[in-house]
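Right, one structure below, let's go through it.
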Amino acid sequence: MTQAELRLCSLLLREHFGEIVEKVGNSLLRTGPRPLRLLVGDTGLLPDQVKKALCVLIQHHLALGARGLRGVHGGWRVLRILRYPRYIYTAKALYGDPGELLVEELLLHGQLPMSCAVARVADRLTETMEDGKTMDYTEVSNTFVRLADTHFIQRCPTAPETPQSAQVPAAPALASADKDMYAVPRLSLVGKGKRRRSCDEEEEGEHKAKRHKQEGGSSEAPPDDGIYWQVNLERFHQHFRDQALVSAVASRMDQTSSEVVRTMLRMSEVTTASGAPHTQPLSSNEIFRSLPAGYNIGKQVLDQYLALLADDPLEFVGKSGDSGGGTYTVNLHKALVSLATATLESIVEERFGSRCARIFRLLLRKKHLEQKQVEDFAMIPAKEAKDMLYRMLSENLVALQEIPKTPDHAPSRTFYLYTVNVMAAARMLLHRCYKSVANLMERRQHEMRENKRLLEKSQRVEAILASMQPRAPRRRSCTRSRR
């Protein structure tokens with residue numbers, strides 16, 4: 001990982017889990033997998049503190065452990081914390097408030113059983129309802145099943161069952177079967193959400209629980225004990241990718257074309273792997289039957305749209321066969337490269353102007369060009385073209401490739417070709433984004449330290465105003481009764 005990514009990971013771990021977890025996570029990110037003894041020596045923490053920090057990281061799927069070995073998921077999982085708000089917002093847009101709170105609870109706790117997650121969400125939704133209304137467990141559990149069916153949540157890997165006579169390993173290897181990864185256990189969750197009790201009721205409930213524990217009472221295990229669920233981040237990224245492709249098609253062609261692509265992506269969203277270069281082949285008859293009811297277009301019109309999409313130079317949709325009226329696929333890899341290229345072009349135009357953008361597009365189209373060729377093709381004076389090329393070269397948006405005629409690499413006998421490496425430029429921009437986010441987080445922490453007293457005063461004023469609001473209706477009712 002780069003220094004900017006390590007710095008951002010450190011800030012994220014400190015903000016979400018505290019300084020102890022940050023120290024352990026930094027040690028693992030810098031040095032890679034290592035035993036517990038070396039972690040204790042490197043961090044200078046107590047063994048119990050290191051063990052608890054590792055438990056937190058493993059609970060949130062930020063670290064994995066094998067026998068005598070600990071390691072972090074390459075830091076990429078820590079950086080995904082930045083996208084947690086987007087995951088929650090997407091779940092709300094797709095499945096409403098129950099879906100939003102289910103994803104939020106799973107991200108907040110790392111992993112939860114279905115019964116526990118449903119109960120927590122039902123209680124939180126009941127708190128927001130009017131007096132006398134409660135949220136039923138059935139509605140929340142139905143949303144949970146829908147999230148699992150669309151692969152937005154999945155089961156956590158579990159340890160394999162060992163015979164009673166066999167010795168249990170200290171750190172068993174966790175595994176999960178593909179067929180059971182999205183299988184929801186059949187639970188009869190009956191109940192309604194509960195509101196928070198007052199302080200007196202909470203103390204009375206605690207006394208009853210302690211008395212019940214002292215008398216030897218044992219609470220029954222939940223029916224899904226041992227089956228934990230987590231958020232499938234790759235599925236959310238797949239959804240973001242599909243939305244970007246649909247919006248790109250809509251801006252390039254029209255709304256009907258984007259709806260055809262959306263239908264193709266929806267039909268293959270569960271059967272296509274997240275890293276696949278293209279979707280599964282779909283016949284035009286299947287696409288026609290799966291179109292939304294609101295789009296009253298005929299089969300011939302659909303075939304024309306599919307042919308238009310397949311003939312487009314960007315090749316978002318490709319034709320793979322003629323069976324079933326023609327089979328079509330969405331070229332995911334080519335579409336993502338086109339989107340990345342369009343983003344690079346817009347950044348060059350915003351930072352360096354339209355003439356630099358013209359040179360950049362020319363290099364993308366011609367692949368390799370000498371400086372004299374760039375001047376001729378772009379119709380820009382030599383001095384300006386040279387200055388623009390050097391500016392983009394200094395920003396790593398353009399690369400320079402040397403092709404020598406002789407082994408001595410003499411400048412007079414060497415071709416200097418300008419080119420654009422899209423992947424390298426995209427990684428460079430991503431690196432700058434990480435660096436900017438880290439700078440913003442440090443600036444926010446600095447401002448919070450400098451204005452700590454003002455923030456505490458503002459919080460006290462808000463707390464006083466919030467405590468006075470429920471009393472306002474009572475005072476009004478008292479004045480009315482006096483009158």
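Labels for the structure tokens follow display order: chains A, B, ..., residues from 1 in each chain, ligands from 1.
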
Test item, strand (DSSP E or B) assignment across region 187-385 of chain A, answer as number ranges by chain: A: 192, 228-231, 278, 282-283, 317-321, 327-331, 369

Let me see the file: selected residues, N, CA, C and O atoms, as a PDB file, in the first residue's frame.
ATOM      1  N   LYS A 192     -43.213  -7.880  18.301  1.00  0.00           N
ATOM      2  CA  LYS A 192     -43.272  -6.502  17.858  1.00  0.00           C
ATOM      3  C   LYS A 192     -42.144  -5.729  18.507  1.00  0.00           C
ATOM      4  O   LYS A 192     -41.592  -6.128  19.542  1.00  0.00           O
ATOM      5  N   TYR A 228     -24.316 -16.421  11.467  1.00  0.00           N
ATOM      6  CA  TYR A 228     -24.098 -14.976  11.453  1.00  0.00           C
ATOM      7  C   TYR A 228     -24.116 -14.467  10.020  1.00  0.00           C
ATOM      8  O   TYR A 228     -23.730 -15.171   9.091  1.00  0.00           O
ATOM      9  N   TRP A 229     -24.542 -13.203   9.892  1.00  0.00           N
ATOM     10  CA  TRP A 229     -24.695 -12.582   8.578  1.00  0.00           C
ATOM     11  C   TRP A 229     -23.843 -11.328   8.501  1.00  0.00           C
ATOM     12  O   TRP A 229     -23.624 -10.643   9.501  1.00  0.00           O
ATOM     13  N   GLN A 230     -23.372 -11.029   7.295  1.00  0.00           N
ATOM     14  CA  GLN A 230     -22.577  -9.842   7.044  1.00  0.00           C
ATOM     15  C   GLN A 230     -23.041  -9.192   5.745  1.00  0.00           C
ATOM     16  O   GLN A 230     -23.764  -9.803   4.945  1.00  0.00           O
ATOM     17  N   VAL A 231     -22.610  -7.961   5.520  1.00  0.00           N
ATOM     18  CA  VAL A 231     -22.961  -7.234   4.312  1.00  0.00           C
ATOM     19  C   VAL A 231     -22.011  -7.666   3.190  1.00  0.00           C
ATOM     20  O   VAL A 231     -20.798  -7.744   3.381  1.00  0.00           O
ATOM     21  N   HIS A 278     -17.966  -9.935 -18.727  1.00  0.00           N
ATOM     22  CA  HIS A 278     -19.255  -9.675 -19.382  1.00  0.00           C
ATOM     23  C   HIS A 278     -20.325 -10.494 -18.675  1.00  0.00           C
ATOM     24  O   HIS A 278     -20.040 -11.443 -17.928  1.00  0.00           O
ATOM     25  N   LEU A 282     -27.953 -13.444 -23.047  1.00  0.00           N
ATOM     26  CA  LEU A 282     -29.406 -13.380 -22.924  1.00  0.00           C
ATOM     27  C   LEU A 282     -30.004 -13.232 -24.309  1.00  0.00           C
ATOM     28  O   LEU A 282     -29.529 -12.425 -25.122  1.00  0.00           O
ATOM     29  N   SER A 283     -31.042 -14.004 -24.588  1.00  0.00           N
ATOM     30  CA  SER A 283     -31.708 -13.910 -25.881  1.00  0.00           C
ATOM     31  C   SER A 283     -32.657 -12.720 -25.892  1.00  0.00           C
ATOM     32  O   SER A 283     -33.116 -12.251 -24.843  1.00  0.00           O
ATOM     33  N   VAL A 317     -22.837  -3.109 -25.286  1.00  0.00           N
ATOM     34  CA  VAL A 317     -23.593  -4.352 -25.514  1.00  0.00           C
ATOM     35  C   VAL A 317     -22.994  -5.036 -26.735  1.00  0.00           C
ATOM     36  O   VAL A 317     -22.719  -4.382 -27.749  1.00  0.00           O
ATOM     37  N   GLY A 318     -22.779  -6.331 -26.620  1.00  0.00           N
ATOM     38  CA  GLY A 318     -22.232  -7.108 -27.726  1.00  0.00           C
ATOM     39  C   GLY A 318     -23.143  -8.270 -28.082  1.00  0.00           C
ATOM     40  O   GLY A 318     -23.857  -8.802 -27.227  1.00  0.00           O
ATOM     41  N   LYS A 319     -23.134  -8.651 -29.359  1.00  0.00           N
ATOM     42  CA  LYS A 319     -23.937  -9.771 -29.817  1.00  0.00           C
ATOM     43  C   LYS A 319     -23.060 -11.018 -29.847  1.00  0.00           C
ATOM     44  O   LYS A 319     -21.989 -11.034 -30.448  1.00  0.00           O
ATOM     45  N   SER A 320     -23.519 -12.066 -29.151  1.00  0.00           N
ATOM     46  CA  SER A 320     -22.714 -13.287 -29.017  1.00  0.00           C
ATOM     47  C   SER A 320     -23.274 -14.469 -29.789  1.00  0.00           C
ATOM     48  O   SER A 320     -22.650 -15.527 -29.824  1.00  0.00           O
ATOM     49  N   GLY A 321     -24.470 -14.360 -30.387  1.00  0.00           N
ATOM     50  CA  GLY A 321     -25.059 -15.476 -31.125  1.00  0.00           C
ATOM     51  C   GLY A 321     -26.352 -15.074 -31.785  1.00  0.00           C
ATOM     52  O   GLY A 321     -26.847 -13.945 -31.610  1.00  0.00           O
ATOM     53  N   THR A 327     -28.568 -13.522 -29.240  1.00  0.00           N
ATOM     54  CA  THR A 327     -28.150 -13.461 -27.839  1.00  0.00           C
ATOM     55  C   THR A 327     -27.187 -12.297 -27.664  1.00  0.00           C
ATOM     56  O   THR A 327     -26.315 -12.052 -28.506  1.00  0.00           O
ATOM     57  N   TYR A 328     -27.370 -11.593 -26.544  1.00  0.00           N
ATOM     58  CA  TYR A 328     -26.603 -10.379 -26.293  1.00  0.00           C
ATOM     59  C   TYR A 328     -26.009 -10.430 -24.883  1.00  0.00           C
ATOM     60  O   TYR A 328     -26.567 -11.054 -23.982  1.00  0.00           O
ATOM     61  N   THR A 329     -24.874  -9.753 -24.710  1.00  0.00           N
ATOM     62  CA  THR A 329     -24.218  -9.622 -23.414  1.00  0.00           C
ATOM     63  C   THR A 329     -23.833  -8.164 -23.200  1.00  0.00           C
ATOM     64  O   THR A 329     -23.689  -7.395 -24.158  1.00  0.00           O
ATOM     65  N   VAL A 330     -23.660  -7.805 -21.933  1.00  0.00           N
ATOM     66  CA  VAL A 330     -23.162  -6.475 -21.578  1.00  0.00           C
ATOM     67  C   VAL A 330     -21.666  -6.608 -21.305  1.00  0.00           C
ATOM     68  O   VAL A 330     -21.253  -7.356 -20.414  1.00  0.00           O
ATOM     69  N   ASN A 331     -20.853  -5.906 -22.084  1.00  0.00           N
ATOM     70  CA  ASN A 331     -19.398  -5.958 -21.922  1.00  0.00           C
ATOM     71  C   ASN A 331     -18.997  -5.068 -20.750  1.00  0.00           C
ATOM     72  O   ASN A 331     -18.768  -3.862 -20.898  1.00  0.00           O
ATOM     73  N   LEU A 369       2.210   8.728 -30.347  1.00  0.00           N
ATOM     74  CA  LEU A 369       2.493   9.813 -31.279  1.00  0.00           C
ATOM     75  C   LEU A 369       3.745  10.551 -30.830  1.00  0.00           C
ATOM     76  O   LEU A 369       4.011  10.703 -29.623  1.00  0.00           O
TER      77      LEU A 369
END

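You will find CA of Ala340 (chain A) at 7.6 Å from CA of Val422 (chain A).
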
Which of A:Asp123, A:Glu375, A:Glu442, A:Asp42 sits closest to Pro98 (chain A) [using only C-alpha atoms]: A:Asp123
